[in-house]
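This report concerns only the one structure given below.
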Amino acid sequence: MKKIIQAVKGTREFYPEQMFLRNFIFEKVRDASRAFGYQEWDGPFIETIDLYAAKSGEELVKKQSFTFEDRGGELVTLRPELTPSLARMIAAKQGELNFPVRWWSFGPFWRYESPQKGRTREFFQWNIDMLGVNSPEADAELIAVGAEFLRSVGLSPERALIYVNNRRLMDSEFDALDISKEKRLDVSNLVDRRTKMEPAKWDAYALELGLTQSQLDGLKDILGNFKLWKKSDELTRLFAALEVLGVKEYVKFDPNIMRGLLYYTGTVFEAFDTSGSLKRAIFGGGRYDSLLADVGGQPLSGVGFAMGDVVIGIILQEASLVPEFEPSPAQVLVTLFDEKLWLESYNLAAEIRNAGLNVMVFPEPVKLQKQFKFADKMKIKAALVLGPDEAGKGKVVVKDLSKGEQVQVTREAIVDEIRKILRAA
RNA sequence: GAGCCUGUAGCUCAACGGCAGAGCGCCACACUGUGGCUGUGGAUGUUGUGGGUUCGAAACCCAUCAGGCUCCCCA
């Protein structure tokens with residue numbers, strides 16, 4: 001065997017079975033988005049590096065993007081995220097778009113990271129955003145879209161939860177502790193690490209960052225206070241809206257959710273698998289106020305979230321929530337008895353195809369045993385046999401492959417007979 | 001960017017310095033006009049790749065590629 005050139009590191013190959021999972025996720029994403037009236041859109045897959053240099057994290061631009069010089073000498077990059085493209089496209093047509101804009105997208109992204117479970121270098125991501133409205137009720141709608149998605153794939157609130165926090169609430173709490181603006185980013189990182197570090201080490205790290213003992217104690221009080229949301233009008237309204245939207249059981253307030261401090265300005269949220277082995281977020285998002293101004297548009301508030309296909313795909317597989325893969329889209333296999341009946345069999349298939357059924361003809365006249373075995377492995381529901389006996393009588397054998405029963409019928413009755421089998425399956 | 005672990009038949013794995021094996025899958029036959037179930041028989045390999053140590057390497061050493069776990073990061 002010759003040496004096979006390997007696939008690029010961190011990419012995935014979608015054999016029909018994997019393609020089935022990818023399409024399953026895509027369909028659920030599309031249905032959840034459309035159920036709330038969102039329009040599908042997309043941006044370019046390659047962009048100039050400058051688009052990301054403005055606002056995205058330094059880590060992303062310098063180390064985790066696929067960047068190269070094109071033949072004209074311009075630095076371009078395979079998109080690592082969608083939000084900057086969204087901001088530019090909205091800003092470019094700000095005067096003519098019909099606000100509020102509700103848009104969703106599901107497309108490929110690239111990040112140069114070290115691949116591990118739940119993380120590849122090439123992945124698909126669902127992005128969904130509402131722009132032009134700034135209210136806790138709008139935030140609740142986006143969270144509800146995410147919750148309905150979880151529900152639609154069979155992840156109950158016992159298995160997956162959306163944790164919510166609010167940046168403004170945390171800011172006022174930090175103000176009350178006299179934590180300076182300069183330390184906010186460090187404190188945010190500190191909070192993110194809390195579940196990953198031993199309590200004593202975490203305390204020491206906090207003091208190292210320059211917090212006083214009383215600030216640390218105050219911070220711990222905040223992070224342990226799961227009723228803190230009652231102090232926030234925004235969160236109070238948010239939870240009231242989530243209740244009438246029917247997704248309250250999916251959402252919990254958690255003061256430990258930070259999601260960086262880069263561009264989120266209000267509500268932030270993150271969904272997690274609560275029972276599985278993966279500790280990665282399923283999706284995450286929040287409200288951002290200044291994104292459009294950063295690319296030269298008029299200030300416009302938005303709220304949205306993103307979900308990669310990798311983590312949710314693993315969770316769905318591990319929880320056995322992916323429907324059974326159907327190898328062949330064919331509903332019927334027309335067997336090919338011998339060379340003399342070759343064209344007759346093709347003609348029979350065309351006839352049934354005209355009736356709206358998916359039909360495959362076995363492409364060579366080999367032993368029927370082999371043809372039936374093939375149909376069985378492909379999980380095709382019905383098989384037809386047109387041999388010399390049948391041809392002489394103007395009839396065809398229709399076999400129900402799941403029951404193992406077969407009948408000989410006239411050509412006019414074939415389609416009805418097949419439909420009967422498909423209904424029973 | 002750092003540390004640790006793994007790579008053997010199509011798949012899951014065994015052999016741990018001395019003849020490369022098992023289960024599943026695959027193929028054939030029983031059943032020359034019918035799949036699943038059963039039985040009998042059969043084929044399978046540059047042990048990821050390249051080098052080194054050794055009388056002898058799948059095993060030990062080095063490099064490299066790929067995957068996994070953790071840290072970092074998570075826009």
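By convention in this document, the chains of the structure tokens carry letters A, B, ... by their order, each chain's residues are numbered from 1, and ligands are numbered from 1 in the order they are shown.
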
Quick one: everything within 12 Å of region 33-36 of chain A, counting only C-alpha atoms (C1' of nucleotides), minus sequence neighbours fewer than 4 positions away in the same chain. Send it as number ranges by chain. A: 26-29, 40-41, 102-106, 126-130, 138, 141-149, 152, 245, 304-305

* Find the residues around region 359-364 of chain A up to 6 Å (only C-alpha atoms (C1' of nucleotides) counted), leave out those fewer than 4 positions away in its own chain, and share them as a list in words. => Ala330, Val332, Leu333, Val334, Thr335, Leu336 and Arg353 of chain A

_Report as JSON, numbers by chain all protein, DNA and RNA residues lying within 12 Å of C4 (chain B), evaluated on only C-alpha atoms (C1' of nucleotides), omitting residues in the same chain fewer than 3 positions from it._
{"B": [68, 69, 70, 71]}

C-alpha atoms (C1' of nucleotides) of the current selection, written as a PDB file, in the first residue's frame:
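Below is the file that was written, part_13.pdb:
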ATOM      1  C1'   G B  68      -5.185  11.564  24.473  1.00  0.00           C
ATOM      2  C1'   C B  69      -4.921  13.950  29.560  1.00  0.00           C
ATOM      3  C1'   U B  70      -3.453  18.381  32.291  1.00  0.00           C
ATOM      4  C1'   C B  71      -1.650  23.510  32.365  1.00  0.00           C
TER       5        C B  71
END

Nearest to U12 (chain B) among B:C72, B:C65, B:A57, B:C24, with distances taken over only C-alpha atoms (C1' of nucleotides): which residue is it?
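Selected residue with least distance to U12 (chain B): B:C24.
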
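All residues of protein, DNA or RNA that reach within 12 Å of G48 (chain B), judged by only C-alpha atoms (C1' of nucleotides) and not counting those fewer than 3 positions away in the chain, are Lys3, Ile4 and Gln6 of chain A; U6, G7, U8, A58, U64, C65, A66 and G67 of chain B.
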
Using only C-alpha atoms (C1' of nucleotides), select each residue of chain A with any atom at most 10 Å away from an atom of chain B, and give the selection as a JSON list (two decimals) with N, CA and C atoms, in the first residue's frame.
[["chain", "number", "residue", "atom", "x", "y", "z"],
["A", 6, "GLN", "N", -1.38, 12.37, 5.20],
["A", 6, "GLN", "CA", -2.29, 12.58, 6.33],
["A", 6, "GLN", "C", -3.10, 13.86, 6.20],
["A", 7, "ALA", "N", -4.25, 13.84, 6.86],
["A", 7, "ALA", "CA", -5.08, 15.04, 6.93],
["A", 7, "ALA", "C", -4.37, 16.07, 7.81],
["A", 9, "LYS", "N", -3.49, 18.46, 10.72],
["A", 9, "LYS", "CA", -3.70, 18.34, 12.15],
["A", 9, "LYS", "C", -4.88, 19.18, 12.63],
["A", 52, "TYR", "N", -9.52, 41.71, 13.06],
["A", 52, "TYR", "CA", -9.45, 41.10, 14.39],
["A", 52, "TYR", "C", -8.48, 41.83, 15.31],
["A", 55, "LYS", "N", -10.15, 44.46, 18.00],
["A", 55, "LYS", "CA", -10.90, 44.21, 19.22],
["A", 55, "LYS", "C", -10.64, 42.83, 19.87],
["A", 56, "SER", "N", -10.30, 41.86, 19.05],
["A", 56, "SER", "CA", -10.13, 40.52, 19.59],
["A", 56, "SER", "C", -8.90, 40.45, 20.48],
["A", 57, "GLY", "N", -8.83, 39.44, 21.28],
["A", 57, "GLY", "CA", -7.71, 39.29, 22.20],
["A", 57, "GLY", "C", -6.39, 39.13, 21.46],
["A", 58, "GLU", "N", -5.34, 39.55, 22.09],
["A", 58, "GLU", "CA", -4.00, 39.46, 21.50],
["A", 58, "GLU", "C", -3.62, 38.00, 21.23],
["A", 59, "GLU", "N", -3.97, 37.13, 22.15],
["A", 59, "GLU", "CA", -3.70, 35.70, 22.03],
["A", 59, "GLU", "C", -4.28, 35.16, 20.72],
["A", 60, "LEU", "N", -5.50, 35.57, 20.45],
["A", 60, "LEU", "CA", -6.20, 35.10, 19.26],
["A", 60, "LEU", "C", -5.49, 35.53, 17.99],
["A", 61, "VAL", "N", -5.19, 36.80, 17.90],
["A", 61, "VAL", "CA", -4.62, 37.34, 16.66],
["A", 61, "VAL", "C", -3.20, 36.83, 16.43],
["A", 63, "LYS", "N", -1.39, 34.27, 18.05],
["A", 63, "LYS", "CA", -1.01, 32.86, 18.18],
["A", 63, "LYS", "C", -2.03, 31.88, 17.64],
["A", 64, "GLN", "N", -3.29, 32.26, 17.60],
["A", 64, "GLN", "CA", -4.30, 31.25, 17.31],
["A", 64, "GLN", "C", -5.06, 31.49, 16.03],
["A", 80, "PRO", "N", -11.38, 33.33, 12.77],
["A", 80, "PRO", "CA", -11.39, 32.59, 14.04],
["A", 80, "PRO", "C", -12.70, 32.82, 14.81],
["A", 81, "GLU", "N", -13.47, 33.81, 14.41],
["A", 81, "GLU", "CA", -14.74, 34.12, 15.06],
["A", 81, "GLU", "C", -15.57, 34.95, 14.10],
["A", 82, "LEU", "N", -16.84, 35.14, 14.41],
["A", 82, "LEU", "CA", -17.74, 35.79, 13.46],
["A", 82, "LEU", "C", -18.11, 37.22, 13.83],
["A", 83, "THR", "N", -18.03, 37.51, 15.14],
["A", 83, "THR", "CA", -18.58, 38.78, 15.61],
["A", 83, "THR", "C", -18.01, 40.02, 14.91],
["A", 113, "GLU", "N", -4.88, 25.91, 17.53],
["A", 113, "GLU", "CA", -4.70, 25.52, 18.93],
["A", 113, "GLU", "C", -4.20, 24.08, 18.97],
["A", 115, "PRO", "N", -4.92, 20.47, 19.48],
["A", 115, "PRO", "CA", -6.17, 19.70, 19.50],
["A", 115, "PRO", "C", -6.26, 18.81, 20.73],
["A", 116, "GLN", "N", -7.40, 18.71, 21.32],
["A", 116, "GLN", "CA", -7.67, 17.78, 22.41],
["A", 116, "GLN", "C", -9.17, 17.51, 22.42],
["A", 117, "LYS", "N", -9.62, 16.77, 23.41],
["A", 117, "LYS", "CA", -11.04, 16.41, 23.43],
["A", 117, "LYS", "C", -11.90, 17.68, 23.46],
["A", 259, "ARG", "N", -16.81, 35.21, 31.79],
["A", 259, "ARG", "CA", -16.61, 35.32, 30.34],
["A", 259, "ARG", "C", -15.70, 36.48, 29.96],
["A", 260, "GLY", "N", -14.57, 36.61, 30.62],
["A", 260, "GLY", "CA", -13.64, 37.67, 30.26],
["A", 260, "GLY", "C", -14.28, 39.03, 30.46],
["A", 262, "LEU", "N", -13.75, 41.45, 28.01],
["A", 262, "LEU", "CA", -13.41, 42.14, 26.78],
["A", 262, "LEU", "C", -14.55, 42.98, 26.23],
["A", 263, "TYR", "N", -15.58, 42.36, 25.71],
["A", 263, "TYR", "CA", -16.61, 43.24, 25.17],
["A", 263, "TYR", "C", -18.00, 43.06, 25.74],
["A", 280, "ARG", "N", -16.19, 21.47, 29.45],
["A", 280, "ARG", "CA", -16.17, 22.65, 28.59],
["A", 280, "ARG", "C", -17.59, 23.21, 28.41],
["A", 281, "ALA", "N", -17.64, 24.51, 28.12],
["A", 281, "ALA", "CA", -18.92, 25.15, 27.89],
["A", 281, "ALA", "C", -19.53, 24.67, 26.59],
["A", 337, "PHE", "N", -30.96, -9.32, -11.54],
["A", 337, "PHE", "CA", -30.89, -10.78, -11.62],
["A", 337, "PHE", "C", -29.82, -11.29, -12.57],
["A", 367, "LYS", "N", -24.55, -12.67, -7.42],
["A", 367, "LYS", "CA", -25.47, -13.51, -6.64],
["A", 367, "LYS", "C", -26.46, -12.69, -5.84],
["A", 368, "LEU", "N", -27.72, -13.14, -5.84],
["A", 368, "LEU", "CA", -28.74, -12.42, -5.08],
["A", 368, "LEU", "C", -28.36, -12.34, -3.60],
["A", 369, "GLN", "N", -27.72, -13.39, -3.14],
["A", 369, "GLN", "CA", -27.29, -13.43, -1.74],
["A", 369, "GLN", "C", -26.47, -12.19, -1.38],
["A", 370, "LYS", "N", -25.56, -11.87, -2.28],
["A", 370, "LYS", "CA", -24.70, -10.72, -2.06],
["A", 370, "LYS", "C", -25.51, -9.42, -2.10],
["A", 371, "GLN", "N", -26.47, -9.37, -3.02],
["A", 371, "GLN", "CA", -27.26, -8.16, -3.17],
["A", 371, "GLN", "C", -28.14, -7.92, -1.94],
["A", 372, "PHE", "N", -28.69, -9.01, -1.40],
["A", 372, "PHE", "CA", -29.53, -8.87, -0.20],
["A", 372, "PHE", "C", -28.69, -8.49, 1.02],
["A", 373, "LYS", "N", -27.51, -9.06, 1.08],
["A", 373, "LYS", "CA", -26.62, -8.75, 2.19],
["A", 373, "LYS", "C", -26.26, -7.26, 2.17],
["A", 374, "PHE", "N", -26.01, -6.77, 0.97],
["A", 374, "PHE", "CA", -25.71, -5.34, 0.80],
["A", 374, "PHE", "C", -26.88, -4.49, 1.28],
["A", 375, "ALA", "N", -28.10, -4.87, 0.86],
["A", 375, "ALA", "CA", -29.30, -4.11, 1.26],
["A", 375, "ALA", "C", -29.47, -4.13, 2.78],
["A", 376, "ASP", "N", -29.17, -5.27, 3.37],
["A", 376, "ASP", "CA", -29.31, -5.41, 4.81],
["A", 376, "ASP", "C", -28.34, -4.48, 5.55],
["A", 377, "LYS", "N", -27.10, -4.46, 5.11],
["A", 377, "LYS", "CA", -26.11, -3.61, 5.76],
["A", 377, "LYS", "C", -26.42, -2.13, 5.58],
["A", 383, "ALA", "N", -36.79, -4.57, -0.89],
["A", 383, "ALA", "CA", -36.02, -5.01, -2.05],
["A", 383, "ALA", "C", -36.95, -5.60, -3.08],
["A", 385, "VAL", "N", -37.31, -8.04, -6.60],
["A", 385, "VAL", "CA", -36.63, -9.03, -7.44],
["A", 385, "VAL", "C", -37.39, -9.14, -8.75],
["A", 386, "LEU", "N", -36.67, -8.91, -9.84],
["A", 386, "LEU", "CA", -37.23, -9.06, -11.18],
["A", 386, "LEU", "C", -36.38, -10.11, -11.89],
["A", 387, "GLY", "N", -36.81, -11.38, -11.74],
["A", 387, "GLY", "CA", -36.10, -12.48, -12.37],
["A", 387, "GLY", "C", -36.88, -12.98, -13.57],
["A", 388, "PRO", "N", -36.41, -14.04, -14.21],
["A", 388, "PRO", "CA", -37.10, -14.58, -15.40],
["A", 388, "PRO", "C", -38.54, -14.98, -15.09],
["A", 389, "ASP", "N", -38.79, -15.58, -13.92],
["A", 389, "ASP", "CA", -40.16, -15.99, -13.54],
["A", 389, "ASP", "C", -41.10, -14.80, -13.53],
["A", 399, "LYS", "N", -40.06, -7.48, -1.42],
["A", 399, "LYS", "CA", -39.72, -8.10, -0.14],
["A", 399, "LYS", "C", -39.55, -7.06, 0.97],
["A", 401, "LEU", "N", -37.76, -6.25, 4.00],
["A", 401, "LEU", "CA", -36.50, -6.76, 4.56],
["A", 401, "LEU", "C", -36.47, -6.82, 6.09],
["A", 402, "SER", "N", -37.32, -6.05, 6.77],
["A", 402, "SER", "CA", -37.30, -6.17, 8.22],
["A", 402, "SER", "C", -38.12, -7.36, 8.68],
["A", 404, "GLY", "N", -38.90, -9.99, 6.52],
["A", 404, "GLY", "CA", -38.46, -11.18, 5.80],
["A", 404, "GLY", "C", -39.56, -11.78, 4.95],
["A", 406, "GLN", "N", -42.25, -11.74, 1.62],
["A", 406, "GLN", "CA", -42.29, -11.18, 0.28],
["A", 406, "GLN", "C", -43.55, -11.60, -0.46]]

Ranking B:A28, B:U38, B:U47, B:C60 by minimum distance to A15 (chain B) and counting only C-alpha atoms (C1' of nucleotides), which one comes first?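 For A15 (chain B), the nearest of the given residues is B:U47.
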
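In this comparison, which uses only C-alpha atoms (C1' of nucleotides), the residue of B:G42, B:C26, B:A63, B:U49 approaching A9 (chain B) most closely is B:C26.
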
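In this model, the gap between CA of Leu422 (chain A) and CA of Gln331 (chain A) comes to 7.8 Å.
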
One residue among A:Val268, A:Gln215, A:Leu177, A:Val311 is nearest to Gln125 (chain A) when using only C-alpha atoms, and that residue is A:Val311

| task | Determine which residues of region 196-298 of chain A receive a DSSP assignment of strand (DSSP E or B), computed from the backbone, and state them as a list in words. | result |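 Assigned to strand (DSSP E or B), within region 196-298 of chain A: Val251, Lys252, Phe253, Thr267, Val268, Phe269, Glu270, Ala271, Phe272, Asp273, Ala281, Ile282, Phe283, Gly284, Gly285, Gly286, Arg287 and Tyr288 of chain A.
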
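Near Thr67 (chain A), within 10 Å and counting only C-alpha atoms (C1' of nucleotides), sit A:Ile46, A:Glu47, A:Thr48, A:Ile49, A:Val61, A:Lys62, A:Lys63, A:Gln64, A:Ser65, A:Glu69, A:Asp70, A:Leu75, A:Val76, A:Thr77, A:Leu78, A:Arg79, A:Arg111, A:Tyr112; same-chain residues fewer than 2 positions away were not included.
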
Write down as a PyMOL selection string the residues belonging to region 175-215 of chain A that are assigned alpha helix (DSSP H) by DSSP computed on the backbone.
chain A and resi 175-176+184-193+199-208+213-215

With N, CA and C atoms kept, could you save the residues just selected as an mmCIF file, in the first residue's frame?
data_model
loop_
_atom_site.group_PDB
_atom_site.id
_atom_site.type_symbol
_atom_site.label_atom_id
_atom_site.label_comp_id
_atom_site.auth_asym_id
_atom_site.auth_seq_id
_atom_site.Cartn_x
_atom_site.Cartn_y
_atom_site.Cartn_z
ATOM 1 N N ASP A 175 -17.129 47.645 43.049
ATOM 2 C CA ASP A 175 -17.014 49.026 43.517
ATOM 3 C C ASP A 175 -17.168 49.092 45.034
ATOM 4 N N ALA A 176 -18.161 48.355 45.531
ATOM 5 C CA ALA A 176 -18.433 48.367 46.965
ATOM 6 C C ALA A 176 -17.254 47.839 47.772
ATOM 7 N N ARG A 184 -9.633 44.881 37.721
ATOM 8 C CA ARG A 184 -10.821 44.117 37.346
ATOM 9 C C ARG A 184 -10.493 42.906 36.461
ATOM 10 N N LEU A 185 -9.565 43.111 35.511
ATOM 11 C CA LEU A 185 -9.224 42.012 34.603
ATOM 12 C C LEU A 185 -8.581 40.854 35.365
ATOM 13 N N ASP A 186 -7.672 41.216 36.290
ATOM 14 C CA ASP A 186 -7.033 40.189 37.116
ATOM 15 C C ASP A 186 -8.063 39.455 37.972
ATOM 16 N N VAL A 187 -8.959 40.202 38.541
ATOM 17 C CA VAL A 187 -9.983 39.595 39.401
ATOM 18 C C VAL A 187 -10.870 38.669 38.581
ATOM 19 N N SER A 188 -11.171 39.095 37.362
ATOM 20 C CA SER A 188 -11.968 38.261 36.482
ATOM 21 C C SER A 188 -11.274 36.932 36.200
ATOM 22 N N ASN A 189 -9.979 36.990 35.921
ATOM 23 C CA ASN A 189 -9.194 35.771 35.723
ATOM 24 C C ASN A 189 -9.184 34.908 36.973
ATOM 25 N N LEU A 190 -9.064 35.591 38.096
ATOM 26 C CA LEU A 190 -9.057 34.905 39.392
ATOM 27 C C LEU A 190 -10.351 34.102 39.579
ATOM 28 N N VAL A 191 -11.454 34.734 39.264
ATOM 29 C CA VAL A 191 -12.751 34.065 39.412
ATOM 30 C C VAL A 191 -12.834 32.856 38.487
ATOM 31 N N ASP A 192 -12.352 33.043 37.250
ATOM 32 C CA ASP A 192 -12.373 31.933 36.290
ATOM 33 C C ASP A 192 -11.592 30.719 36.793
ATOM 34 N N ARG A 193 -10.551 30.975 37.557
ATOM 35 C CA ARG A 193 -9.682 29.877 37.997
ATOM 36 C C ARG A 193 -10.145 29.201 39.280
ATOM 37 N N PRO A 199 -8.429 25.689 47.272
ATOM 38 C CA PRO A 199 -8.862 26.917 47.958
ATOM 39 C C PRO A 199 -7.705 27.716 48.576
ATOM 40 N N ALA A 200 -6.788 27.028 49.244
ATOM 41 C CA ALA A 200 -5.697 27.748 49.912
ATOM 42 C C ALA A 200 -4.802 28.455 48.890
ATOM 43 N N LYS A 201 -4.516 27.743 47.789
ATOM 44 C CA LYS A 201 -3.675 28.332 46.742
ATOM 45 C C LYS A 201 -4.369 29.505 46.068
ATOM 46 N N TRP A 202 -5.680 29.322 45.934
ATOM 47 C CA TRP A 202 -6.454 30.384 45.293
ATOM 48 C C TRP A 202 -6.410 31.646 46.166
ATOM 49 N N ASP A 203 -6.569 31.485 47.466
ATOM 50 C CA ASP A 203 -6.487 32.616 48.401
ATOM 51 C C ASP A 203 -5.138 33.312 48.278
ATOM 52 N N ALA A 204 -4.081 32.490 48.261
ATOM 53 C CA ALA A 204 -2.728 33.055 48.184
ATOM 54 C C ALA A 204 -2.548 33.833 46.887
ATOM 55 N N TYR A 205 -3.081 33.264 45.809
ATOM 56 C CA TYR A 205 -2.980 33.908 44.497
ATOM 57 C C TYR A 205 -3.705 35.256 44.518
ATOM 58 N N ALA A 206 -4.861 35.277 45.168
ATOM 59 C CA ALA A 206 -5.649 36.509 45.249
ATOM 60 C C ALA A 206 -4.870 37.605 45.975
ATOM 61 N N LEU A 207 -4.242 37.231 47.074
ATOM 62 C CA LEU A 207 -3.475 38.222 47.848
ATOM 63 C C LEU A 207 -2.255 38.683 47.050
ATOM 64 N N GLU A 208 -1.695 37.744 46.290
ATOM 65 C CA GLU A 208 -0.553 38.065 45.418
ATOM 66 C C GLU A 208 -0.930 39.126 44.387
ATOM 67 N N GLN A 213 -7.029 41.396 52.545
ATOM 68 C CA GLN A 213 -7.758 40.266 53.124
ATOM 69 C C GLN A 213 -9.262 40.542 53.157
ATOM 70 N N SER A 214 -9.629 41.801 53.465
ATOM 71 C CA SER A 214 -11.067 42.097 53.548
ATOM 72 C C SER A 214 -11.700 42.104 52.164
ATOM 73 N N GLN A 215 -10.908 42.521 51.140
ATOM 74 C CA GLN A 215 -11.443 42.449 49.768
ATOM 75 C C GLN A 215 -11.633 40.986 49.351
#
